[in-house]
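The structure file upload.pdb is reproduced below (PDB, C-alpha atoms).
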ATOM      1  CA  MET A   4     198.387  81.466 261.138  1.00  0.00           C
ATOM      2  CA  ALA A   5     196.294  84.482 262.144  1.00  0.00           C
ATOM      3  CA  LYS A   6     197.445  86.951 264.765  1.00  0.00           C
ATOM      4  CA  ALA A   7     195.525  89.533 266.795  1.00  0.00           C
ATOM      5  CA  GLU A   8     197.361  92.218 268.744  1.00  0.00           C
ATOM      6  CA  ILE A   9     194.903  93.606 271.283  1.00  0.00           C
ATOM      7  CA  SER A  10     195.418  96.887 273.142  1.00  0.00           C
ATOM      8  CA  PRO A  11     192.383  96.998 275.431  1.00  0.00           C
ATOM      9  CA  GLY A  12     192.646 100.572 276.650  1.00  0.00           C
ATOM     10  CA  ALA A  13     193.273 102.206 280.000  1.00  0.00           C
ATOM     11  CA  CYS A  14     194.582  99.061 281.734  1.00  0.00           C
ATOM     12  CA  GLY A  15     197.501  98.954 279.287  1.00  0.00           C
ATOM     13  CA  PHE A  16     197.632  95.139 279.347  1.00  0.00           C
ATOM     14  CA  THR A  17     198.492  94.128 275.791  1.00  0.00           C
ATOM     15  CA  THR A  18     197.495  90.674 274.562  1.00  0.00           C
ATOM     16  CA  VAL A  19     198.716  88.805 271.485  1.00  0.00           C
ATOM     17  CA  VAL A  20     196.614  85.931 270.162  1.00  0.00           C
ATOM     18  CA  THR A  21     197.730  83.520 267.470  1.00  0.00           C
ATOM     19  CA  ALA A  22     195.375  80.980 265.938  1.00  0.00           C
ATOM     20  CA  LYS A  23     196.556  78.038 263.842  1.00  0.00           C
ATOM     21  CA  ARG A  24     194.054  75.810 262.097  1.00  0.00           C
ATOM     22  CA  GLU A  25     194.630  72.088 262.549  1.00  0.00           C
ATOM     23  CA  GLY A  26     191.848  70.101 260.923  1.00  0.00           C
ATOM     24  CA  ALA A  27     188.471  71.153 262.307  1.00  0.00           C
ATOM     25  CA  LEU A  28     190.015  73.024 265.263  1.00  0.00           C
ATOM     26  CA  CYS A  29     192.050  76.171 265.817  1.00  0.00           C
ATOM     27  CA  LYS A  30     194.910  75.889 268.280  1.00  0.00           C
ATOM     28  CA  LEU A  31     195.389  79.075 270.282  1.00  0.00           C
ATOM     29  CA  SER A  32     198.425  80.745 271.761  1.00  0.00           C
ATOM     30  CA  ILE A  33     197.565  83.677 274.034  1.00  0.00           C
ATOM     31  CA  GLU A  34     200.255  85.880 275.588  1.00  0.00           C
ATOM     32  CA  SER A  35     199.220  88.760 277.829  1.00  0.00           C
ATOM     33  CA  ASP A  36     200.416  91.277 280.375  1.00  0.00           C
ATOM     34  CA  CYS A  37     197.110  90.667 282.218  1.00  0.00           C
ATOM     35  CA  GLU A  38     197.033  87.993 284.925  1.00  0.00           C
ATOM     36  CA  ALA A  39     193.340  87.239 284.273  1.00  0.00           C
ATOM     37  CA  ILE A  40     193.965  86.702 280.561  1.00  0.00           C
ATOM     38  CA  ARG A  41     196.954  84.472 281.321  1.00  0.00           C
ATOM     39  CA  LYS A  42     194.609  82.300 283.424  1.00  0.00           C
ATOM     40  CA  LEU A  43     192.076  82.293 280.579  1.00  0.00           C
ATOM     41  CA  ALA A  44     194.860  81.182 278.202  1.00  0.00           C
ATOM     42  CA  THR A  45     195.601  78.054 280.239  1.00  0.00           C
ATOM     43  CA  GLU A  46     192.013  76.877 279.678  1.00  0.00           C
ATOM     44  CA  LEU A  47     191.335  78.123 276.160  1.00  0.00           C
ATOM     45  CA  THR A  48     193.942  76.273 274.082  1.00  0.00           C
ATOM     46  CA  GLN A  49     191.772  75.257 271.124  1.00  0.00           C
ATOM     47  CA  VAL A  50     188.325  75.985 269.725  1.00  0.00           C
ATOM     48  CA  GLU A  51     186.047  74.878 266.903  1.00  0.00           C
ATOM     49  CA  PRO A  52     185.736  77.921 264.599  1.00  0.00           C
ATOM     50  CA  PHE A  53     182.085  77.489 263.600  1.00  0.00           C
ATOM     51  CA  HIS A  54     181.056  77.331 267.274  1.00  0.00           C
ATOM     52  CA  GLU A  55     183.007  80.512 268.029  1.00  0.00           C
ATOM     53  CA  ILE A  56     181.444  82.741 265.368  1.00  0.00           C
ATOM     54  CA  SER A  57     177.789  82.226 266.288  1.00  0.00           C
ATOM     55  CA  TYR A  58     175.449  82.272 269.262  1.00  0.00           C
ATOM     56  CA  ARG A  59     173.409  79.477 267.671  1.00  0.00           C
ATOM     57  CA  GLY A  60     173.589  76.401 269.873  1.00  0.00           C
ATOM     58  CA  ALA A  61     175.840  77.787 272.614  1.00  0.00           C
ATOM     59  CA  VAL A  62     177.799  80.824 273.729  1.00  0.00           C
ATOM     60  CA  PRO A  63     181.293  80.855 272.143  1.00  0.00           C
ATOM     61  CA  GLN A  64     184.007  79.353 274.359  1.00  0.00           C
ATOM     62  CA  ALA A  65     186.073  82.563 274.229  1.00  0.00           C
ATOM     63  CA  LEU A  66     183.155  84.565 275.651  1.00  0.00           C
ATOM     64  CA  GLN A  67     182.465  81.920 278.312  1.00  0.00           C
ATOM     65  CA  ALA A  68     186.120  82.005 279.387  1.00  0.00           C
ATOM     66  CA  GLY A  69     186.042  85.804 279.358  1.00  0.00           C
ATOM     67  CA  ALA A  70     183.071  85.766 281.724  1.00  0.00           C
ATOM     68  CA  ARG A  71     184.931  83.380 284.066  1.00  0.00           C
ATOM     69  CA  TYR A  72     188.277  85.163 284.146  1.00  0.00           C
ATOM     70  CA  CYS A  73     187.831  88.827 283.187  1.00  0.00           C
ATOM     71  CA  ALA A  74     186.524  91.081 285.939  1.00  0.00           C
ATOM     72  CA  HIS A  75     185.969  93.846 283.372  1.00  0.00           C
ATOM     73  CA  ALA A  76     182.928  93.150 281.171  1.00  0.00           C
ATOM     74  CA  ALA A  77     184.145  95.556 278.477  1.00  0.00           C
ATOM     75  CA  CYS A  78     187.462  93.727 277.983  1.00  0.00           C
ATOM     76  CA  PRO A  79     187.898  93.288 274.204  1.00  0.00           C
ATOM     77  CA  VAL A  80     190.264  90.319 274.489  1.00  0.00           C
ATOM     78  CA  PRO A  81     187.624  87.546 274.220  1.00  0.00           C
ATOM     79  CA  VAL A  82     186.225  89.134 271.056  1.00  0.00           C
ATOM     80  CA  GLY A  83     189.764  89.576 269.718  1.00  0.00           C
ATOM     81  CA  ILE A  84     190.315  85.841 270.189  1.00  0.00           C
ATOM     82  CA  ILE A  85     187.196  85.128 268.144  1.00  0.00           C
ATOM     83  CA  LYS A  86     188.329  87.554 265.418  1.00  0.00           C
ATOM     84  CA  ALA A  87     191.690  85.731 265.121  1.00  0.00           C
ATOM     85  CA  VAL A  88     189.921  82.359 264.931  1.00  0.00           C
ATOM     86  CA  GLU A  89     187.508  83.448 262.207  1.00  0.00           C
ATOM     87  CA  VAL A  90     190.338  84.897 260.114  1.00  0.00           C
ATOM     88  CA  GLU A  91     192.447  81.742 260.486  1.00  0.00           C
ATOM     89  CA  ALA A  92     189.462  79.559 259.554  1.00  0.00           C
ATOM     90  CA  GLY A  93     188.761  81.643 256.427  1.00  0.00           C
ATOM     91  CA  LEU A  94     185.430  82.829 257.819  1.00  0.00           C
ATOM     92  CA  ASN A  95     186.300  86.537 257.710  1.00  0.00           C
ATOM     93  CA  LEU A  96     188.877  88.874 256.213  1.00  0.00           C
ATOM     94  CA  PRO A  97     191.865  90.140 258.207  1.00  0.00           C
ATOM     95  CA  VAL A  98     190.523  93.674 258.607  1.00  0.00           C
ATOM     96  CA  ASP A  99     191.098  95.696 261.802  1.00  0.00           C
ATOM     97  CA  ALA A 100     188.154  96.295 264.105  1.00  0.00           C
ATOM     98  CA  THR A 101     188.189  99.500 266.154  1.00  0.00           C
ATOM     99  CA  ILE A 102     186.264 101.209 268.916  1.00  0.00           C
ATOM    100  CA  LYS A 103     186.847 104.963 269.137  1.00  0.00           C
ATOM    101  CA  LEU A 104     185.788 106.538 272.421  1.00  0.00           C
ATOM    102  CA  SER A 105     185.410 110.203 273.250  1.00  0.00           C
ATOM    103  CA  LYS A 106     183.864 112.382 275.906  1.00  0.00           C
TER     104      LYS A 106
END

Any chance you could put this one into structure tokens?
Amino acid sequence: MAKAEISPGACGFTTVVTAKREGALCKLSIESDCEAIRKLATELTQVEPFHEISYRGAVPQALQAGARYCAHAACPVPVGIIKAVEVEAGLNLPVDATIKLSK
């Protein structure tokens, strides 16, 4: 099981994503303080890892759901979901990704 703990920034709405591989799919559990992400979680319960890690063929389901439910285009939660899926599927290493902002 892979887990992503996502702290998106100023909104303060923490999200925890767990991905569990079952055959060719990854089952997702998404818990969030954000109402929009909770709605996204009801729809995005499983994904096919190879479809999530590439734009070839179609836009990943996590990004499609993010576009439907997240009002904030810079929300990192959809990408965090993809990162958890790729780690669980053995398609990437469990290394933290960061964005450091300054002004």

Decode the PyMOL selection byres ((chain A and resi 89-96) around 9) for the given file into explicit residues and return them as number ranges by chain.
A: 4-6, 21-24, 27-29, 52-53, 55-56, 84-88, 97-98

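Comparing the minimum interatomic distances between A:Ala68 and each of A:Leu43, A:Val19, A:Val50, A:Leu31, counting only C-alpha atoms, we find that A:Leu43 sits nearest.
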
Minimum-distance residue to A:Ser57, chosen among A:Val82, A:Ile40, A:Thr45, A:Ser35 (using all atoms listed in the file)
A:Val82

Mind telling me what the PyMOL selection byres ((chain A and resi 44) around 10) catches here, as a ChimeraX atom specification?
/A:20,31-35,38-43,45-49,65,68,72

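In this model, the gap between atom CA of A:His54 and atom CA of A:Thr101 comes to 23.3 Å.
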
Shell of 12 Å around A:Ala13, all atoms listed in the file, local chain residues under 5 positions omitted, as a PyMOL selection string
chain A and resi 75+77-79+104

Deliver the residues from the most recent selection as a file, using C-alpha atoms, as a PDB file, in the frame of the given file.
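The resulting file, out39.pdb, is reproduced below:
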ATOM      1  CA  HIS A  75     185.969  93.846 283.372  1.00  0.00           C
ATOM      2  CA  ALA A  77     184.145  95.556 278.477  1.00  0.00           C
ATOM      3  CA  CYS A  78     187.462  93.727 277.983  1.00  0.00           C
ATOM      4  CA  PRO A  79     187.898  93.288 274.204  1.00  0.00           C
ATOM      5  CA  LEU A 104     185.788 106.538 272.421  1.00  0.00           C
TER       6      LEU A 104
END

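Atom CA of A:Ala61 is positioned 29.5 Å from atom CA of A:Lys103.
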
What is the atom CA of A:Thr18-atom CA of A:Cys37 distance in Å, reported with one decimal?
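Taking atom CA of A:Thr18 and atom CA of A:Cys37, their separation equals 7.7 Å.
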
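The closest residue to A:Phe16, picked from A:Ala76, A:Asp36, A:Ile102, A:Gln64 and counting all atoms listed in the file, is A:Asp36.
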
Give me the box for stretch 22-41 of chain A as AutoDock Vina command-line options, namely the centre and edge lengths in Å to one decimal of a box along x, y and z that holds every listed atom plus 8 Å on each side.
--center_x 194.4 --center_y 80.7 --center_z 272.9 --size_x 27.9 --size_y 37.2 --size_z 40.0

Measuring atom to atom with only C-alpha atoms, identify which of A:Lys30, A:Gln67, A:Val80, A:Val62 is nearest to A:Thr17.
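Nearest to A:Thr17: A:Val80.
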
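Of the residues listed (A:Arg71, A:Leu66, A:Asp99, A:Gly83), A:Gly83 shows the shortest atom-to-atom separation from A:Ile9; distances use all atoms listed in the file.
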
Restricting the calculation to only C-alpha atoms, which member of A:Glu51, A:Arg59, A:Cys14, A:Glu8 is positioned closest to A:Gly26?
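Nearest to A:Gly26: A:Glu51.
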